[in-house]
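Below is query.txt, holding compact mmCIF, C-alpha atoms.
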# COMPACT_ATOMS: atom_id res chain seq x y z
CA MET P 928 21.73 4.24 14.75
CA GLN P 929 18.98 6.27 16.40
CA PRO P 930 16.57 8.34 14.27
CA THR P 931 16.52 12.12 14.56
CA PRO P 932 13.72 13.66 16.69
CA ASP P 933 11.72 14.95 13.69
CA PHE P 934 11.64 11.52 12.02
CA ASP P 935 8.59 9.22 12.23
CA PRO P 936 9.86 5.83 10.98
CA ALA P 937 6.56 3.99 11.46
CA LYS P 938 4.68 6.55 9.38
CA LEU P 939 7.25 6.40 6.57
CA ALA P 940 7.28 2.58 6.53
CA LYS P 941 3.48 2.53 6.36
CA SER P 942 3.52 5.02 3.51
CA LEU P 943 6.01 2.97 1.50
CA LEU P 944 3.95 -0.18 1.98
CA ARG P 945 0.78 1.55 0.80
CA ARG P 946 2.30 3.42 -2.14
CA SER P 947 4.61 0.77 -3.61
CA ARG P 948 3.40 -1.03 -6.73
CA GLN P 949 6.62 -2.95 -7.49
CA GLY P 950 9.34 -4.47 -5.39
CA ALA P 951 12.31 -6.84 -5.40
CA LEU P 952 11.26 -10.20 -3.94
CA ALA P 953 13.97 -12.43 -2.49
CA THR P 954 13.32 -16.16 -1.99
CA LEU P 955 15.44 -19.23 -1.23
CA MET P 956 16.23 -21.61 -4.08
CA VAL P 957 14.78 -25.08 -3.72
CA GLY P 958 17.49 -27.57 -2.81
CA SER P 959 20.52 -25.28 -2.57
CA GLY P 960 19.01 -22.51 -0.41
CA ASP P 961 20.82 -19.91 -2.51
CA PRO P 962 19.23 -16.44 -2.59
CA TYR P 963 17.07 -15.65 -5.62
CA CYS P 964 15.71 -12.19 -6.39
CA SER P 965 12.96 -11.17 -8.81
CA LEU P 966 10.88 -8.10 -9.66
CA VAL P 967 7.19 -8.38 -8.73
CA ASN P 968 4.07 -6.23 -8.81
CA LEU P 969 2.26 -5.83 -5.51
CA ALA P 970 -0.68 -4.26 -3.73
CA SER P 971 -1.54 -3.91 -0.06
CA HIS P 972 -3.92 -5.69 2.30
CA PRO P 973 -6.08 -3.40 4.49
CA ASP P 974 -3.50 -3.87 7.25
CA GLY P 975 -0.69 -2.85 4.90
CA SER P 976 0.89 -6.25 4.33
CA PRO P 977 1.92 -6.91 0.69
CA ILE P 978 -0.22 -8.88 -1.77
CA LEU P 979 1.31 -10.78 -4.69
CA LEU P 980 -0.18 -12.42 -7.79
CA ILE P 981 2.37 -14.96 -9.02
CA SER P 982 2.52 -17.91 -11.39
CA ALA P 983 3.28 -21.47 -10.34
CA LEU P 984 5.65 -21.58 -13.32
CA ALA P 985 7.86 -18.86 -11.82
CA VAL P 986 11.01 -19.80 -9.91
CA HIS P 987 10.09 -17.57 -6.98
CA THR P 988 6.72 -19.31 -6.58
CA ARG P 989 8.33 -22.75 -6.50
CA ASN P 990 10.77 -21.44 -3.92
CA ILE P 991 7.95 -20.03 -1.76
CA LEU P 992 6.02 -23.29 -1.84
CA ALA P 993 9.12 -25.09 -0.55
CA ASP P 994 10.13 -22.42 1.99
CA SER P 995 7.78 -19.52 2.69
CA ARG P 996 10.49 -17.22 4.09
CA VAL P 997 10.94 -14.15 1.90
CA SER P 998 12.17 -10.59 1.96
CA LEU P 999 10.85 -7.68 -0.07
CA MET P 1000 12.75 -4.48 -0.93
CA LEU P 1001 10.64 -1.38 -1.54
CA ASP P 1002 11.90 2.12 -2.31
CA GLU P 1003 10.20 5.45 -2.92
CA ARG P 1004 11.71 5.89 -6.40
CA ALA P 1005 13.00 9.36 -5.56
CA ALA P 1006 14.46 11.46 -8.35
CA GLY P 1007 18.25 11.66 -8.53
CA ASP P 1008 20.42 9.29 -6.52
CA PRO P 1009 18.13 6.39 -5.47
CA LEU P 1010 20.29 5.80 -2.40
CA GLU P 1011 19.19 9.18 -1.05
CA GLY P 1012 15.55 8.05 -1.01
CA ALA P 1013 13.79 6.01 1.65
CA ARG P 1014 13.56 2.25 1.35
CA ILE P 1015 12.55 -0.72 3.46
CA MET P 1016 13.59 -4.36 3.50
CA LEU P 1017 10.61 -6.30 4.79
CA SER P 1018 11.01 -9.89 5.99
CA GLY P 1019 8.14 -12.30 6.39
CA LEU P 1020 6.29 -15.43 5.32
CA ALA P 1021 4.50 -15.66 1.96
CA GLU P 1022 1.20 -17.51 2.43
CA PRO P 1023 -1.43 -18.60 -0.13
CA ALA P 1024 -4.61 -16.49 -0.07
CA GLY P 1025 -6.91 -19.13 1.42
CA ALA P 1026 -10.17 -17.71 2.79
CA GLU P 1027 -9.04 -14.16 1.96
CA LYS P 1028 -8.79 -14.78 -1.79
CA ASP P 1029 -11.69 -12.47 -2.73
CA LEU P 1030 -10.27 -9.64 -0.62
CA LEU P 1031 -6.74 -10.06 -1.97
CA GLU P 1032 -8.01 -10.26 -5.55
CA ARG P 1033 -10.12 -7.12 -5.21
CA ARG P 1034 -7.35 -5.09 -3.59
CA TYR P 1035 -4.77 -6.27 -6.12
CA LEU P 1036 -6.93 -5.57 -9.16
CA ASN P 1037 -7.76 -2.11 -7.82
CA ALA P 1038 -4.01 -1.41 -7.93
CA HIS P 1039 -3.30 -3.36 -11.14
CA PRO P 1040 -6.44 -3.42 -13.33
CA SER P 1041 -4.53 -4.93 -16.26
CA ALA P 1042 -3.83 -8.06 -14.19
CA GLU P 1043 -7.46 -9.14 -14.54
CA ALA P 1044 -6.44 -11.08 -17.64
CA PHE P 1045 -4.26 -13.37 -15.50
CA VAL P 1046 -6.62 -14.00 -12.58
CA SER P 1047 -8.50 -16.78 -14.39
CA PHE P 1048 -5.31 -18.62 -15.37
CA LYS P 1049 -5.00 -21.81 -13.32
CA ASP P 1050 -1.29 -21.32 -12.65
CA PHE P 1051 -1.71 -17.85 -11.10
CA SER P 1052 -2.44 -17.51 -7.39
CA PHE P 1053 -2.62 -14.76 -4.79
CA PHE P 1054 -0.22 -14.71 -1.85
CA ARG P 1055 0.01 -12.42 1.16
CA ILE P 1056 3.30 -11.68 2.88
CA ARG P 1057 2.84 -11.71 6.65
CA PRO P 1058 5.69 -9.51 7.89
CA THR P 1059 7.99 -10.50 10.74
CA GLY P 1060 9.88 -7.20 10.70
CA THR P 1061 11.36 -4.50 8.51
CA HIS P 1062 14.59 -2.53 8.19
CA LEU P 1063 14.05 1.10 7.19
CA VAL P 1064 16.76 3.30 5.69
CA ALA P 1065 15.89 6.94 5.02
CA GLY P 1066 19.19 8.80 5.15
CA PHE P 1067 21.85 9.67 7.72
CA GLY P 1068 20.55 9.19 11.24
CA ARG P 1069 17.39 7.61 9.87
CA ILE P 1070 18.02 3.87 10.01
CA VAL P 1071 15.81 1.76 12.23
CA ASP P 1072 14.34 -1.72 12.62
CA LEU P 1073 10.58 -1.95 13.15
CA LYS P 1074 8.30 -4.68 14.46
CA PRO P 1075 5.08 -5.55 12.57
CA GLU P 1076 2.87 -3.86 15.16
CA GLN P 1077 4.72 -0.61 14.47
CA PHE P 1078 4.07 -0.48 10.72
CA LEU P 1079 0.92 -2.54 10.12
CA THR P 1080 -2.57 -1.12 10.60
CA ASP P 1081 -4.60 -2.57 13.46
CA LEU P 1082 -7.93 -3.77 12.03
CA SER P 1083 -9.45 -4.84 15.35
CA GLY P 1084 -12.80 -3.22 15.99
CA ALA P 1085 -13.06 -2.08 12.36
CA GLU P 1086 -15.20 -4.95 11.05
CA ASP P 1087 -17.98 -2.58 9.99
CA LEU P 1088 -15.55 -0.46 7.98
CA MET P 1089 -14.02 -3.49 6.30
CA ALA P 1090 -17.48 -4.75 5.35
CA ALA P 1091 -18.26 -1.35 3.81
CA GLU P 1092 -14.91 -0.86 2.06
CA GLU P 1093 -15.75 -2.42 -1.32
CA GLY P 1094 -18.93 -0.37 -1.67
CA ALA P 1095 -17.19 2.79 -0.47
CA VAL P 1096 -14.42 2.43 -3.07
CA GLU P 1097 -16.95 1.86 -5.86
CA HIS P 1098 -19.03 4.85 -4.71
CA MET P 1099 -16.04 7.19 -4.55
CA ASN P 1100 -14.92 6.21 -8.04
CA ALA P 1101 -18.40 6.38 -9.57
CA ASP P 1102 -19.70 9.57 -7.95
CA HIS P 1103 -16.89 11.51 -6.28
CA ARG P 1104 -13.92 11.69 -8.63
CA ASP P 1105 -13.90 15.44 -8.10
CA ALA P 1106 -13.29 14.89 -4.39
CA MET P 1107 -10.50 12.44 -5.20
CA GLY P 1108 -8.86 15.12 -7.32
CA LEU P 1109 -9.17 17.63 -4.48
CA TYR P 1110 -7.62 15.24 -1.98
CA ALA P 1111 -4.69 14.66 -4.33
CA THR P 1112 -4.03 18.23 -5.41
CA ARG P 1113 -5.10 20.35 -2.44
CA LEU P 1114 -4.25 18.07 0.51
CA LEU P 1115 -1.30 16.08 -0.85
CA GLY P 1116 0.21 18.54 -3.32
CA ALA P 1117 0.06 16.16 -6.28
CA ALA P 1118 -0.50 17.13 -9.91
CA ALA P 1119 -4.01 17.00 -11.35
CA GLY P 1120 -4.84 13.64 -12.89
CA ASP P 1121 -7.34 10.82 -13.18
CA TRP P 1122 -7.23 10.00 -9.47
CA ARG P 1123 -9.29 7.06 -8.24
CA CYS P 1124 -9.68 5.24 -4.96
CA THR P 1125 -8.03 1.82 -4.61
CA GLY P 1126 -8.80 1.08 -0.96
CA CYS P 1127 -9.38 2.38 2.54
CA ASP P 1128 -8.72 1.25 6.09
CA PRO P 1129 -9.00 2.72 9.62
CA GLU P 1130 -6.00 4.97 9.09
CA GLY P 1131 -6.40 6.35 5.60
CA LEU P 1132 -7.39 6.27 1.93
CA ASP P 1133 -5.31 4.94 -0.98
CA MET P 1134 -5.46 6.69 -4.36
CA GLN P 1135 -3.88 6.06 -7.72
CA ASP P 1136 -3.41 7.72 -11.12
CA GLY P 1137 -1.83 5.23 -13.50
CA GLN P 1138 1.03 3.70 -11.54
CA THR P 1139 1.42 6.71 -9.23
CA ALA P 1140 -0.06 5.98 -5.81
CA LEU P 1141 -0.81 8.34 -2.93
CA ARG P 1142 -1.74 7.82 0.69
CA LEU P 1143 -4.19 10.18 2.41
CA ASP P 1144 -3.83 9.71 6.17
CA PHE P 1145 -6.89 10.35 8.31
CA PRO P 1146 -6.45 12.77 11.23
CA GLU P 1147 -8.03 10.14 13.48
CA ARG P 1148 -8.92 6.46 13.24
CA VAL P 1149 -12.26 5.46 11.66
CA THR P 1150 -13.88 2.06 12.26
CA SER P 1151 -17.29 2.15 10.54
CA GLY P 1152 -18.84 3.00 7.20
CA THR P 1153 -20.66 5.95 8.76
CA ALA P 1154 -17.45 7.32 10.26
CA LEU P 1155 -15.69 6.91 6.91
CA ARG P 1156 -18.37 8.87 5.08
CA LYS P 1157 -18.16 11.71 7.62
CA MET P 1158 -14.36 11.73 7.39
CA LEU P 1159 -14.35 11.93 3.59
CA VAL P 1160 -16.89 14.76 3.62
CA ARG P 1161 -14.80 16.59 6.20
CA LEU P 1162 -11.60 16.18 4.19
CA ALA P 1163 -13.33 17.29 0.99
CA GLY P 1164 -14.42 20.45 2.81
CA GLU P 1165 -10.87 21.06 4.02
CA ALA P 1166 -9.55 20.54 0.49
CA ARG P 1167 -12.03 23.01 -1.00
CA ALA P 1168 -11.05 25.55 1.64
CA LYS P 1169 -7.43 25.40 0.52
CA THR P 1170 -7.68 27.99 -2.25
CA GLU P 1171 -4.74 29.47 -4.08
CA GLU P 1172 -3.11 32.59 -2.67
CA PRO P 1173 -4.67 35.74 -4.17
CA ARG P 1174 -2.61 37.29 -6.94
CA GLN P 1175 -0.87 40.59 -6.31
CA ASN P 1176 -1.91 43.41 -8.66
As a first step, turn the structure in this file into structure tokens.
Amino acid sequence: MQPTPDFDPAKLAKSLLRRSRQGALATLMVGSGDPYCSLVNLASHPDGSPILLISALAVHTRNILADSRVSLMLDERAAGDPLEGARIMLSGLAEPAGAEKDLLERRYLNAHPSAEAFVSFKDFSFFRIRPTGTHLVAGFGRIVDLKPEQFLTDLSGAEDLMAAEEGAVEHMNADHRDAMGLYATRLLGAAAGDWRCTGCDPEGLDMQDGQTALRLDFPERVTSGTALRKMLVRLAGEARAKTEEPRQN
């Protein structure tokens, strides 16, 4: 089925990956190969691929260690009939963190601060799902399969930005919570709240209030810390300029 002309499937898939904090993880049972599904918390890598923190005692972890093929179902948790909301079924390989452990841990804890209590447990480990494709369903005429290069963020040439990301997130949360609130309420139409930054990448900024996550897309790609700072100042200015309509007397 071909999507309608006004539909941007790649943008929607990216948004779901960035905003989802829980998902249904499907693995293959050791020995029998039967499907096994479990509910997991997740965060996102700078390129958008999912990050998991799972225990070696869990059935799904034992399954992954025997066969890394997985699928992950994410939906936008729309009000009303859930089948009317957008969802994706992402397929891929679940790989141990390896050299990226510090990055995965930081990104995950930004999204799930309460998980810090489990990080030091020897049986808990970080995994990253490297997608091989995704199936997006977003209503009639909006069903499409996407390749990883269509829904993941290209990090090539953005080494300076990635090196600056941790400091940028800390700075935004320590000194610019007012700007975070403006981004959320004035640019994204969200309710006022305790909005904080959980990550950034060449294509946008991730924000969260409790378990509600938002994605602020940049109007153009940024690849350095300097470019990020200029972009955030620019967007803050645009947010402040969006004042309420004057009341009629």
*From the set P:Leu1031, P:Leu1010, P:Leu1020, P:Val1064, which residue has the shortest atom-to-atom contact distance to Glu1093 of chain P, counting all atoms listed in the file?*
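Going through P:Leu1031, P:Leu1010, P:Leu1020, P:Val1064 one by one, the smallest distance to Glu1093 of chain P is for P:Leu1031.
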*Nearest to Gly1012 of chain P: which of P:Leu939, P:Gln1135, P:Asp1128, P:Gly1164 is it, counting all atoms listed in the file?*
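Nearest candidate to Gly1012 of chain P out of P:Leu939, P:Gln1135, P:Asp1128, P:Gly1164: P:Leu939.
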*Contact residues around segment 1002-1004 of chain P with all atoms listed in the file at 9 Å, ignoring same-chain residues under 6 positions, as number ranges by chain*: P: 943, 946-947, 949-950, 1012-1016
*asked:* With distances taken over all atoms listed in the file, which residue among P:Val1160, P:Val997, P:Ala1042, P:Val1071 lies nearest Phe1145 of chain P?
replied: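 Under the stated criterion, the closest residue is P:Val1160.
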*Give the answer as one residue: which of P:Asp1136, P:Asp1121, P:Asp974, P:Asp933 has the shortest atom-to-atom distance to Glu1076 of chain P, using all atoms listed in the file?*
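Answer, going by the shortest atom-to-atom distance: P:Asp974.
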*For the atom pair atom CA of Phe1053 of chain P and atom CA of Ile978 of chain P, what is the interatomic distance in Å to one decimal place?*
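Going from atom CA of Phe1053 of chain P over to atom CA of Ile978 of chain P covers 7.0 Å.
When only C-alpha atoms are used to compute distances to Phe1048 of chain P, the closest of the residues P:Ser982, P:Ser942, P:Ser998, P:Ser959 turns out to be P:Ser982.
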*What gap, in Å, lies between atom CA of Gly1108 of chain P and atom CA of Val967 of chain P?*
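Going from atom CA of Gly1108 of chain P over to atom CA of Val967 of chain P covers 28.5 Å.
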*Minimum-distance residue to Arg996 of chain P, chosen among P:Tyr963, P:Phe1078, P:Phe1067, P:Phe1051 (using all atoms listed in the file)*: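 Looking only at the distances to Arg996 of chain P, the closest residue turns out to be P:Tyr963.
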Using the partial input, fill out segment 1050-1069 of chain P with N, CA, C and O atoms; write the result as a compact mmCIF listing (two decimals), in the frame of the given file.
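Full text of part.txt as output:
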# COMPACT_ATOMS: atom_id res chain seq x y z
N ASP P 1050 -2.62 -21.31 -13.29
CA ASP P 1050 -1.29 -21.32 -12.65
C ASP P 1050 -1.01 -20.06 -11.84
O ASP P 1050 0.01 -19.99 -11.16
N PHE P 1051 -1.92 -19.08 -11.88
CA PHE P 1051 -1.71 -17.85 -11.10
C PHE P 1051 -2.48 -17.91 -9.79
O PHE P 1051 -3.64 -18.32 -9.75
N SER P 1052 -1.82 -17.49 -8.72
CA SER P 1052 -2.44 -17.51 -7.39
C SER P 1052 -2.03 -16.26 -6.60
O SER P 1052 -0.97 -15.68 -6.82
N PHE P 1053 -2.91 -15.89 -5.66
CA PHE P 1053 -2.62 -14.76 -4.79
C PHE P 1053 -1.93 -15.24 -3.52
O PHE P 1053 -2.28 -16.28 -2.95
N PHE P 1054 -0.94 -14.46 -3.09
CA PHE P 1054 -0.22 -14.71 -1.85
C PHE P 1054 -0.20 -13.41 -1.05
O PHE P 1054 -0.23 -12.32 -1.61
N ARG P 1055 -0.14 -13.56 0.26
CA ARG P 1055 0.01 -12.42 1.16
C ARG P 1055 1.27 -12.63 1.98
O ARG P 1055 1.49 -13.71 2.52
N ILE P 1056 2.10 -11.60 2.04
CA ILE P 1056 3.30 -11.68 2.88
C ILE P 1056 2.94 -11.20 4.27
O ILE P 1056 2.55 -10.04 4.46
N ARG P 1057 3.07 -12.08 5.25
CA ARG P 1057 2.84 -11.71 6.65
C ARG P 1057 4.19 -11.30 7.25
O ARG P 1057 5.05 -12.14 7.49
N PRO P 1058 4.38 -10.01 7.48
CA PRO P 1058 5.69 -9.51 7.89
C PRO P 1058 6.11 -10.00 9.28
O PRO P 1058 5.28 -10.16 10.18
N THR P 1059 7.40 -10.21 9.43
CA THR P 1059 7.99 -10.50 10.74
C THR P 1059 8.84 -9.34 11.22
O THR P 1059 9.22 -9.28 12.39
N GLY P 1060 9.12 -8.39 10.33
CA GLY P 1060 9.88 -7.20 10.70
C GLY P 1060 10.28 -6.44 9.46
O GLY P 1060 10.07 -6.90 8.34
N THR P 1061 10.85 -5.26 9.65
CA THR P 1061 11.36 -4.50 8.51
C THR P 1061 12.53 -3.63 8.93
O THR P 1061 12.63 -3.21 10.10
N HIS P 1062 13.42 -3.39 7.99
CA HIS P 1062 14.59 -2.53 8.19
C HIS P 1062 14.41 -1.31 7.31
O HIS P 1062 14.34 -1.42 6.07
N LEU P 1063 14.30 -0.14 7.91
CA LEU P 1063 14.05 1.10 7.19
C LEU P 1063 15.32 1.93 7.11
O LEU P 1063 15.99 2.14 8.13
N VAL P 1064 15.63 2.40 5.90
CA VAL P 1064 16.76 3.30 5.69
C VAL P 1064 16.22 4.54 4.98
O VAL P 1064 15.65 4.45 3.89
N ALA P 1065 16.42 5.71 5.61
CA ALA P 1065 15.89 6.94 5.02
C ALA P 1065 16.88 8.08 5.12
O ALA P 1065 16.50 9.24 5.22
N GLY P 1066 18.17 7.77 5.09
CA GLY P 1066 19.19 8.80 5.15
C GLY P 1066 19.98 8.75 6.43
O GLY P 1066 19.74 7.92 7.32
N PHE P 1067 20.97 9.64 6.55
CA PHE P 1067 21.85 9.67 7.72
C PHE P 1067 21.03 9.91 8.99
O PHE P 1067 20.22 10.82 9.08
N GLY P 1068 21.27 9.07 9.99
CA GLY P 1068 20.55 9.19 11.24
C GLY P 1068 19.12 8.71 11.17
O GLY P 1068 18.35 8.90 12.11
N ARG P 1069 18.77 8.07 10.06
CA ARG P 1069 17.39 7.61 9.87
C ARG P 1069 17.39 6.16 9.42
O ARG P 1069 16.90 5.82 8.35
